[in-house]
file my_file-v4.csv (CSV, C-alpha atoms)
chain,number,residue,atom,x,y,z
A,1,MET,CA,121.4,122.6,112.1
A,2,ALA,CA,120.7,121.1,115.5
A,3,ASP,CA,119.4,118.1,117.3
A,4,VAL,CA,115.9,117.9,118.5
A,5,THR,CA,114.1,115.2,120.5
A,6,LEU,CA,110.7,113.8,119.6
A,7,GLU,CA,108.3,111.7,121.6
A,8,THR,CA,107.4,108.2,120.3
A,9,PRO,CA,105.4,105.4,121.9
A,10,ASP,CA,108.7,103.7,122.7
A,11,GLY,CA,110.4,106.7,124.3
A,12,PRO,CA,112.3,109.8,123.2
A,13,MET,CA,113.9,109.9,119.7
A,14,PRO,CA,116.7,112.3,118.9
A,15,CYS,CA,116.7,113.8,115.4
A,16,PHE,CA,119.1,115.9,113.4
A,17,GLU,CA,117.3,118.9,111.9
A,18,ALA,CA,118.3,121.4,109.2
A,19,ARG,CA,115.9,124.3,108.9
A,20,PRO,CA,116.9,126.7,106.2
A,21,ALA,CA,115.3,130.1,105.9
A,22,GLY,CA,112.7,130.3,103.1
A,23,ALA,CA,112.2,126.5,102.8
A,24,THR,CA,109.5,125.6,100.3
A,25,GLY,CA,109.1,121.9,101.3
A,26,ALA,CA,110.1,119.4,104.0
A,27,VAL,CA,111.9,116.0,103.8
A,28,ILE,CA,112.3,113.2,106.4
A,29,VAL,CA,115.7,111.5,105.9
A,30,ILE,CA,115.9,107.8,106.9
A,31,GLN,CA,119.3,106.5,107.9
A,32,GLU,CA,121.3,103.5,106.6
A,33,ALA,CA,121.7,100.5,108.8
A,34,PHE,CA,124.7,102.3,110.3
A,35,GLY,CA,122.6,105.0,112.0
A,36,VAL,CA,122.5,108.8,111.8
A,37,ASN,CA,126.2,109.4,111.2
A,38,ASP,CA,128.1,112.3,109.5
A,39,TYR,CA,127.0,111.1,106.1
A,40,ILE,CA,123.3,111.2,106.9
A,41,GLU,CA,123.7,114.6,108.6
A,42,ASP,CA,125.4,115.8,105.4
A,43,VAL,CA,122.4,114.5,103.4
A,44,ALA,CA,120.1,116.5,105.6
A,45,ASN,CA,122.3,119.6,105.2
A,46,GLN,CA,122.3,119.1,101.4
A,47,LEU,CA,118.5,119.0,101.4
A,48,GLY,CA,118.5,122.1,103.5
A,49,SER,CA,120.8,123.8,100.9
A,50,ALA,CA,118.2,122.7,98.3
A,51,GLY,CA,115.5,124.6,100.2
A,52,TYR,CA,114.0,121.8,102.3
A,53,HIS,CA,113.3,121.6,106.0
A,54,ALA,CA,115.1,118.3,106.7
A,55,LEU,CA,114.7,116.0,109.6
A,56,ALA,CA,116.7,112.8,110.2
A,57,PRO,CA,115.4,110.6,113.0
A,58,HIS,CA,117.6,108.2,115.0
A,59,ILE,CA,115.5,105.1,114.3
A,60,PHE,CA,117.7,102.9,116.6
A,61,HIS,CA,116.6,104.8,119.7
A,62,ARG,CA,114.9,101.7,121.2
A,63,ALA,CA,118.2,99.7,121.5
A,64,THR,CA,119.9,99.2,124.8
A,65,GLU,CA,123.3,100.1,123.2
A,66,PHE,CA,121.8,103.3,121.7
A,67,ARG,CA,120.6,104.4,125.1
A,68,ALA,CA,124.0,103.7,126.5
A,69,GLY,CA,125.5,106.1,124.0
A,70,THR,CA,126.3,104.0,120.9
A,71,ARG,CA,124.2,105.7,118.2
A,72,THR,CA,126.0,104.5,115.1
A,73,ALA,CA,128.0,101.5,113.8
A,74,PRO,CA,131.1,101.7,111.7
A,75,TYR,CA,131.0,100.9,108.0
A,76,GLY,CA,132.4,97.4,107.3
A,77,ASP,CA,131.5,95.9,110.7
A,78,PHE,CA,127.9,94.6,110.4
A,79,ALA,CA,128.3,92.7,113.7
A,80,LYS,CA,128.0,96.1,115.5
A,81,VAL,CA,124.9,96.9,113.5
A,82,ILE,CA,122.7,94.0,114.7
A,83,PRO,CA,122.4,95.1,118.4
A,84,LEU,CA,121.1,98.5,117.2
A,85,PHE,CA,118.1,96.8,115.6
A,86,GLU,CA,116.9,95.7,119.0
A,87,GLY,CA,113.2,96.2,119.5
A,88,LEU,CA,112.7,97.6,116.0
A,89,THR,CA,109.7,96.5,113.8
A,90,ASP,CA,107.8,98.0,110.9
A,91,ASP,CA,105.2,99.3,113.3
A,92,GLY,CA,108.1,101.1,115.1
A,93,ILE,CA,109.4,102.5,111.9
A,94,VAL,CA,105.9,103.9,111.1
A,95,ALA,CA,105.6,105.3,114.6
A,96,ASP,CA,108.9,107.1,114.3
A,97,VAL,CA,107.9,108.5,110.9
A,98,ASP,CA,104.7,109.7,112.4
A,99,ALA,CA,106.6,111.5,115.2
A,100,CYS,CA,108.5,113.3,112.4
A,101,ARG,CA,105.3,114.1,110.6
A,102,ARG,CA,103.9,115.7,113.7
A,103,ARG,CA,107.0,117.8,114.1
A,104,LEU,CA,106.7,119.0,110.5
A,105,HIS,CA,102.9,119.5,110.8
A,106,ASP,CA,103.5,121.6,113.9
A,107,ARG,CA,105.9,123.7,111.7
A,108,GLY,CA,103.2,124.3,109.2
A,109,TRP,CA,103.9,121.6,106.6
A,110,SER,CA,101.1,119.5,105.2
A,111,ASP,CA,101.6,115.9,104.1
A,112,GLY,CA,101.6,116.9,100.5
A,113,GLN,CA,104.5,119.2,101.2
A,114,ILE,CA,106.5,116.5,103.0
A,115,GLY,CA,108.8,114.0,101.2
A,116,ILE,CA,110.8,111.1,102.6
A,117,VAL,CA,114.2,109.9,101.4
A,118,GLY,CA,116.1,106.9,102.7
A,119,PHE,CA,119.3,104.9,102.1
A,120,CYS,CA,120.0,101.2,102.5
A,121,PHE,CA,117.8,100.1,105.4
A,122,GLY,CA,116.1,103.5,105.0
A,123,GLY,CA,115.4,102.8,101.3
A,124,ARG,CA,113.0,100.0,102.3
A,125,ALA,CA,111.6,102.2,105.1
A,126,THR,CA,110.6,104.9,102.5
A,127,PHE,CA,108.7,102.2,100.6
A,128,LEU,CA,106.9,101.2,103.8
A,129,ALA,CA,106.2,104.8,104.6
A,130,ALA,CA,104.8,105.5,101.1
A,131,ILE,CA,102.4,102.6,101.6
A,132,GLU,CA,101.3,103.6,105.1
A,133,ARG,CA,101.2,107.4,104.9
A,134,PRO,CA,100.2,110.0,102.2
A,135,PHE,CA,103.5,111.7,101.7
A,136,GLY,CA,103.9,114.0,98.7
A,137,ALA,CA,106.9,112.0,97.4
A,138,ALA,CA,109.3,109.3,98.5
A,139,VAL,CA,112.7,108.2,97.3
A,140,GLY,CA,114.6,105.0,98.2
A,141,PHE,CA,118.3,104.5,97.5
A,142,TYR,CA,119.2,100.8,97.3
A,143,GLY,CA,116.5,99.6,99.7
A,144,GLY,CA,117.1,96.0,100.4
A,145,GLY,CA,114.3,93.7,101.7
A,146,ILE,CA,111.4,95.0,99.6
A,147,VAL,CA,111.3,91.9,97.4
A,148,THR,CA,113.3,89.4,99.4
A,149,PRO,CA,113.2,89.9,103.1
A,150,ARG,CA,116.5,90.1,105.0
A,151,PHE,CA,115.4,90.1,108.6
A,152,PRO,CA,112.4,88.2,110.1
A,153,GLN,CA,110.9,91.4,111.6
A,154,PHE,CA,110.9,93.2,108.3
A,155,PRO,CA,108.7,91.3,105.8
A,156,ALA,CA,108.8,91.7,102.0
A,157,LEU,CA,106.6,94.6,100.7
A,158,VAL,CA,106.5,93.9,97.0
A,159,ASP,CA,103.0,92.5,97.2
A,160,ARG,CA,101.7,95.8,98.6
A,161,THR,CA,102.5,98.0,95.7
A,162,GLY,CA,98.8,98.5,95.1
A,163,GLU,CA,98.6,100.3,98.5
A,164,LEU,CA,101.2,103.0,97.7
A,165,GLN,CA,99.9,106.4,98.7
A,166,ALA,CA,103.0,108.4,97.8
A,167,PRO,CA,104.9,108.6,94.4
A,168,TRP,CA,108.0,106.5,94.9
A,169,LEU,CA,111.4,106.5,93.1
A,170,GLY,CA,113.7,103.6,93.6
A,171,LEU,CA,117.5,103.9,92.8
A,172,PHE,CA,119.5,100.7,92.5
A,173,GLY,CA,123.0,99.5,91.5
A,174,ASP,CA,123.4,96.4,89.3
A,175,GLN,CA,126.6,95.4,91.2
A,176,ASP,CA,124.7,95.3,94.5
A,177,GLU,CA,125.3,91.8,95.9
A,178,SER,CA,122.5,92.2,98.4
A,179,ILE,CA,119.8,93.2,96.0
A,180,PRO,CA,119.7,91.0,92.9
A,181,VAL,CA,118.8,92.6,89.6
A,182,ASP,CA,116.0,90.1,89.3
A,183,ASP,CA,114.4,91.5,92.5
A,184,VAL,CA,114.7,95.0,91.1
A,185,GLU,CA,113.0,94.0,87.9
A,186,ARG,CA,110.2,92.2,89.7
A,187,LEU,CA,109.7,95.4,91.7
A,188,ARG,CA,109.6,97.4,88.5
A,189,SER,CA,107.0,95.0,87.1
A,190,GLU,CA,104.8,95.2,90.2
A,191,LEU,CA,105.1,99.0,90.3
A,192,ALA,CA,103.6,99.2,86.8
A,193,GLY,CA,100.2,98.7,88.4
A,194,ALA,CA,100.7,101.1,91.3
A,195,PRO,CA,98.0,103.8,91.9
A,196,VAL,CA,100.6,106.6,92.0
A,197,ASP,CA,103.7,107.6,90.0
A,198,ALA,CA,106.5,105.1,90.5
A,199,GLU,CA,109.9,104.7,88.8
A,200,ILE,CA,112.9,102.4,89.0
A,201,VAL,CA,116.4,103.5,87.9
A,202,ARG,CA,119.3,101.1,87.7
A,203,TYR,CA,123.0,102.0,87.6
A,204,PRO,CA,125.1,99.4,85.8
A,205,ASP,CA,128.4,100.2,87.4
A,206,ALA,CA,127.2,100.8,91.0
A,207,GLY,CA,127.0,98.6,94.0
A,208,HIS,CA,125.3,98.8,97.4
A,209,GLY,CA,125.9,102.2,99.1
A,210,PHE,CA,127.0,103.9,95.9
A,211,HIS,CA,125.8,107.3,97.1
A,212,CYS,CA,127.8,107.4,100.3
A,213,ASP,CA,131.2,109.0,99.9
A,214,ARG,CA,132.3,107.4,103.2
A,215,ARG,CA,132.1,103.9,101.8
A,216,ASP,CA,134.3,102.0,99.4
A,217,ALA,CA,131.3,101.4,97.2
A,218,PHE,CA,130.9,105.2,96.5
A,219,HIS,CA,130.5,105.7,92.7
A,220,GLU,CA,130.6,109.4,91.9
A,221,PRO,CA,128.9,109.4,88.5
A,222,SER,CA,126.0,107.2,89.7
A,223,ALA,CA,125.7,109.1,93.0
A,224,ALA,CA,125.5,112.5,91.2
A,225,ASP,CA,122.9,111.3,88.7
A,226,ALA,CA,120.8,109.6,91.5
A,227,TRP,CA,120.9,112.7,93.7
A,228,THR,CA,119.8,114.9,90.8
A,229,ARG,CA,117.0,112.5,90.1
A,230,ALA,CA,115.9,112.5,93.7
A,231,LEU,CA,115.8,116.3,93.8
A,232,VAL,CA,113.8,116.4,90.6
A,233,TRP,CA,111.4,113.8,91.9
A,234,LEU,CA,110.8,115.9,95.1
A,235,ASP,CA,110.4,119.1,93.1
A,236,GLN,CA,107.9,117.5,90.7
A,237,HIS,CA,105.7,115.9,93.3
A,238,LEU,CA,105.8,117.9,96.5
A,239,GLU,CA,103.3,120.7,96.9
A,240,LYS,CA,105.1,124.0,97.2
A,241,ARG,CA,104.8,126.6,99.9
A,242,GLU,CA,105.8,130.1,99.3
A,243,PRO,CA,109.0,131.0,101.2

call {"tool": "encode", "arguments": {"input": "my_file-v4.csv", "output": "structure tokens"}}
result
Amino acid sequence: MADVTLETPDGPMPCFEARPAGATGAVIVIQEAFGVNDYIEDVANQLGSAGYHALAPHIFHRATEFRAGTRTAPYGDFAKVIPLFEGLTDDGIVADVDACRRRLHDRGWSDGQIGIVGFCFGGRATFLAAIERPFGAAVGFYGGGIVTPRFPQFPALVDRTGELQAPWLGLFGDQDESIPVDDVERLRSELAGAPVDAEIVRYPDAGHGFHCDRRDAFHEPSAADAWTRALVWLDQHLEKREP
């Protein structure tokens, strides 16, 4: 486990990397709106333990506060999140994902062997990435803004389901006040016509952030089931490389 720095069109981007011996696949981990914190590093390490070369990019690298040393925001204080979104657009997200892909390509991984998993802000980013790039698999945990946009620079994506290139699994909590169940069901309906495998799973007792054990919303039964489903999705769809 270590930090690496990748070049992007908007400057250097630090990443947390887990490279287990004998990995048979690779996964890009996209952060929550709170940055690459201990929780996201733990996710990358868990993927490493599951046999994946995991790479978690600091998507907020463009922000003035990030460059001044503030890389994450605390849970429960969204006012400190907003400055970290400075300069970030969907084009920037795709550019950062491409930097990660180049890193993994250079380590011998093909697109079919690379998955992408994201949480919160990162859940939407995985949907965008699955549209724009031919990943082997994608998983989004409670990705807001796919159906109803939440920020002007991040438009809705639901009308682009016909462009999906990567199989996509979406995991949502019914108690999520920021993602209405009606939005989740509209997304499910649109995904029925997707050109790749796509699936939606809802958790009746879970709210936003239910997988994160650092948040009050953590719901262990839903988190455990969702993580298992994510690993199965990756295993089923990623092309394998012999260790």

call {"tool": "closest_residue", "arguments": {"input": "my_file-v4.csv", "among": "A:Val147, A:Ala21, A:Ile30, A:Leu47", "to": "Ala129 of chain A", "atoms": "all atoms listed in the file"}}
result
A:Ile30

call {"tool": "residues_around", "arguments": {"input": "my_file-v4.csv", "residues": "Thr24 of chain A", "least_positions_apart": "3", "cutoff": "10 Å", "atoms": "only C-alpha atoms", "output": "PyMOL selection string"}}
result
chain A and resi 20-21+50-53+109+113-114+235+238-243

call {"tool": "residues_near_point", "arguments": {"input": "my_file-v4.csv", "point": "(109.9, 113.9, 122.3)", "cutoff": "12 Å", "atoms": "all atoms listed in the file", "output": "list in words"}}
result
Asp3, Val4, Thr5, Leu6, Glu7, Thr8, Pro9, Asp10, Gly11, Pro12, Met13, Pro14, Cys15, Pro57, His61, Asp96, Asp98, Ala99, Cys100, Arg102 and Arg103 of chain A

call {"tool": "residues_around", "arguments": {"input": "my_file-v4.csv", "residues": "segment 69-77 of chain A", "least_positions_apart": "6", "cutoff": "12 Å", "atoms": "all atoms listed in the file", "output": "JSON, numbers by chain"}}
result
{"A": [13, 14, 15, 31, 32, 33, 34, 35, 36, 37, 38, 39, 40, 57, 58, 59, 60, 61, 62, 63, 83, 84, 85, 209, 212, 213, 214, 215, 216, 217]}

call {"tool": "closest_residue", "arguments": {"input": "my_file-v4.csv", "among": "A:Pro149, A:Gly136, A:Pro195, A:Gly143", "to": "Cys120 of chain A", "atoms": "all atoms listed in the file"}}
result
A:Gly143

call {"tool": "atom_distance", "arguments": {"input": "my_file-v4.csv", "atom1": "atom CA of Arg67 of chain A", "atom2": "atom CA of Leu128 of chain A"}}
result
25.5 Å

call {"tool": "residues_near_point", "arguments": {"input": "my_file-v4.csv", "point": "(102.9, 107.5, 100.1)", "cutoff": "10 Å", "atoms": "all atoms listed in the file", "output": "PyMOL selection string"}}
result
chain A and resi 111-112+115-116+126-138+163-168+196

call {"tool": "atom_distance", "arguments": {"input": "my_file-v4.csv", "atom1": "atom CA of Gly207 of chain A", "atom2": "atom CA of Trp227 of chain A"}}
result
15.4 Å

call {"tool": "residues_around", "arguments": {"input": "my_file-v4.csv", "residues": "Glu185 of chain A", "least_positions_apart": "4", "cutoff": "12 Å", "atoms": "only C-alpha atoms", "output": "PyMOL selection string"}}
result
chain A and resi 146-147+158+170-174+179-181+189-192+199-202

call {"tool": "atom_distance", "arguments": {"input": "my_file-v4.csv", "atom1": "atom CA of Phe119 of chain A", "atom2": "atom CA of Asp91 of chain A"}}
result
18.9 Å

call {"tool": "decode", "arguments": {"input": "my_file-v4.csv", "residues": "segment 30-143 of chain A", "atoms": "C-alpha atoms", "output": "mmCIF file, in the first residue's frame"}}
result
data_model
loop_
_atom_site.group_PDB
_atom_site.id
_atom_site.type_symbol
_atom_site.label_atom_id
_atom_site.label_comp_id
_atom_site.auth_asym_id
_atom_site.auth_seq_id
_atom_site.Cartn_x
_atom_site.Cartn_y
_atom_site.Cartn_z
ATOM 1 C CA ILE A 30 -13.737 6.514 -6.740
ATOM 2 C CA GLN A 31 -14.082 8.453 -3.525
ATOM 3 C CA GLU A 32 -17.113 9.872 -1.761
ATOM 4 C CA ALA A 33 -17.662 13.640 -1.724
ATOM 5 C CA PHE A 34 -15.387 13.677 1.333
ATOM 6 C CA GLY A 35 -12.224 12.659 -0.493
ATOM 7 C CA VAL A 36 -9.767 9.781 -0.282
ATOM 8 C CA ASN A 37 -9.918 9.325 3.476
ATOM 9 C CA ASP A 38 -9.191 6.330 5.725
ATOM 10 C CA TYR A 39 -12.448 4.693 4.675
ATOM 11 C CA ILE A 40 -11.637 4.834 0.954
ATOM 12 C CA GLU A 41 -8.124 3.561 1.637
ATOM 13 C CA ASP A 42 -9.701 0.683 3.574
ATOM 14 C CA VAL A 43 -11.916 -0.106 0.586
ATOM 15 C CA ALA A 44 -8.842 -0.223 -1.655
ATOM 16 C CA ASN A 45 -7.078 -2.491 0.829
ATOM 17 C CA GLN A 46 -10.118 -4.776 1.022
ATOM 18 C CA LEU A 47 -10.094 -5.053 -2.764
ATOM 19 C CA GLY A 48 -6.396 -5.850 -2.537
ATOM 20 C CA SER A 49 -7.174 -8.620 -0.063
ATOM 21 C CA ALA A 50 -9.747 -9.928 -2.559
ATOM 22 C CA GLY A 51 -7.034 -10.207 -5.227
ATOM 23 C CA TYR A 52 -7.359 -6.890 -7.077
ATOM 24 C CA HIS A 53 -4.777 -4.261 -7.896
ATOM 25 C CA ALA A 54 -6.672 -1.247 -6.492
ATOM 26 C CA LEU A 55 -6.096 2.424 -7.279
ATOM 27 C CA ALA A 56 -7.946 5.277 -5.529
ATOM 28 C CA PRO A 57 -7.366 8.688 -7.193
ATOM 29 C CA HIS A 58 -7.692 11.985 -5.343
ATOM 30 C CA ILE A 59 -10.300 13.494 -7.674
ATOM 31 C CA PHE A 60 -10.186 16.846 -5.830
ATOM 32 C CA HIS A 61 -6.605 17.552 -6.905
ATOM 33 C CA ARG A 62 -7.624 20.673 -8.885
ATOM 34 C CA ALA A 63 -8.934 22.581 -5.865
ATOM 35 C CA THR A 64 -6.909 25.378 -4.298
ATOM 36 C CA GLU A 65 -7.587 23.982 -0.820
ATOM 37 C CA PHE A 66 -6.393 20.537 -1.876
ATOM 38 C CA ARG A 67 -3.146 21.950 -3.205
ATOM 39 C CA ALA A 68 -2.756 23.820 0.069
ATOM 40 C CA GLY A 69 -2.937 20.525 1.937
ATOM 41 C CA THR A 70 -6.650 19.962 2.663
ATOM 42 C CA ARG A 71 -7.310 16.669 0.878
ATOM 43 C CA THR A 72 -10.467 15.548 2.681
ATOM 44 C CA ALA A 73 -13.529 16.982 4.405
ATOM 45 C CA PRO A 74 -15.055 15.671 7.645
ATOM 46 C CA TYR A 75 -18.298 13.744 7.601
ATOM 47 C CA GLY A 76 -21.223 15.907 8.658
ATOM 48 C CA ASP A 77 -19.778 19.238 7.458
ATOM 49 C CA PHE A 78 -20.776 19.630 3.823
ATOM 50 C CA ALA A 79 -19.712 23.284 3.822
ATOM 51 C CA LYS A 80 -16.126 22.027 3.806
ATOM 52 C CA VAL A 81 -16.861 19.752 0.848
ATOM 53 C CA ILE A 82 -17.931 22.470 -1.593
ATOM 54 C CA PRO A 83 -14.497 24.164 -1.952
ATOM 55 C CA LEU A 84 -12.943 20.808 -2.859
ATOM 56 C CA PHE A 85 -15.150 20.598 -5.966
ATOM 57 C CA GLU A 86 -13.416 23.674 -7.405
ATOM 58 C CA GLY A 87 -12.645 23.235 -11.100
ATOM 59 C CA LEU A 88 -14.131 19.742 -11.323
ATOM 60 C CA THR A 89 -16.373 18.729 -14.246
ATOM 61 C CA ASP A 90 -17.410 15.477 -15.871
ATOM 62 C CA ASP A 91 -14.634 15.954 -18.418
ATOM 63 C CA GLY A 92 -12.207 16.214 -15.514
ATOM 64 C CA ILE A 93 -13.549 13.049 -13.917
ATOM 65 C CA VAL A 94 -13.067 11.165 -17.189
ATOM 66 C CA ALA A 95 -9.542 12.590 -17.533
ATOM 67 C CA ASP A 96 -8.684 11.388 -14.026
ATOM 68 C CA VAL A 97 -10.139 7.955 -14.764
ATOM 69 C CA ASP A 98 -8.050 7.833 -17.938
ATOM 70 C CA ALA A 99 -4.908 8.614 -15.938
ATOM 71 C CA CYS A 100 -5.710 5.634 -13.731
ATOM 72 C CA ARG A 101 -6.357 3.453 -16.770
ATOM 73 C CA ARG A 102 -2.955 4.393 -18.192
ATOM 74 C CA ARG A 103 -1.303 3.448 -14.911
ATOM 75 C CA LEU A 104 -3.055 0.076 -14.950
ATOM 76 C CA HIS A 105 -2.402 -0.470 -18.665
ATOM 77 C CA ASP A 106 1.285 0.144 -17.980
ATOM 78 C CA ARG A 107 1.108 -2.585 -15.337
ATOM 79 C CA GLY A 108 -0.259 -5.034 -17.879
ATOM 80 C CA TRP A 109 -4.008 -4.777 -17.284
ATOM 81 C CA SER A 110 -6.405 -4.561 -20.228
ATOM 82 C CA ASP A 111 -9.690 -2.649 -20.041
ATOM 83 C CA GLY A 112 -11.573 -5.928 -19.801
ATOM 84 C CA GLN A 113 -9.559 -6.778 -16.671
ATOM 85 C CA ILE A 114 -10.224 -3.392 -15.017
ATOM 86 C CA GLY A 115 -13.297 -2.576 -12.942
ATOM 87 C CA ILE A 116 -14.408 0.650 -11.286
ATOM 88 C CA VAL A 117 -16.205 1.004 -7.944
ATOM 89 C CA GLY A 118 -17.450 4.247 -6.392
ATOM 90 C CA PHE A 119 -19.355 5.598 -3.409
ATOM 91 C CA CYS A 120 -21.670 8.617 -3.066
ATOM 92 C CA PHE A 121 -20.169 11.168 -5.516
ATOM 93 C CA GLY A 122 -18.132 8.241 -6.816
ATOM 94 C CA GLY A 123 -21.253 6.161 -7.438
ATOM 95 C CA ARG A 124 -22.341 8.610 -10.127
ATOM 96 C CA ALA A 125 -18.762 8.779 -11.415
ATOM 97 C CA THR A 126 -18.798 5.020 -12.052
ATOM 98 C CA PHE A 127 -21.936 5.408 -14.167
ATOM 99 C CA LEU A 128 -20.248 8.177 -16.171
ATOM 100 C CA ALA A 129 -17.109 6.060 -16.559
ATOM 101 C CA ALA A 130 -19.160 3.053 -17.694
ATOM 102 C CA ILE A 131 -20.680 5.235 -20.403
ATOM 103 C CA GLU A 132 -17.433 6.801 -21.558
ATOM 104 C CA ARG A 133 -14.972 3.904 -21.326
ATOM 105 C CA PRO A 134 -15.036 0.097 -21.942
ATOM 106 C CA PHE A 135 -14.390 -1.150 -18.417
ATOM 107 C CA GLY A 136 -14.898 -4.804 -17.670
ATOM 108 C CA ALA A 137 -17.322 -3.975 -14.849
ATOM 109 C CA ALA A 138 -18.608 -1.037 -12.788
ATOM 110 C CA VAL A 139 -20.326 -0.763 -9.401
ATOM 111 C CA GLY A 140 -21.949 2.332 -7.898
ATOM 112 C CA PHE A 141 -22.901 2.622 -4.233
ATOM 113 C CA TYR A 142 -25.700 5.211 -3.687
ATOM 114 C CA GLY A 143 -24.617 7.430 -6.562
#
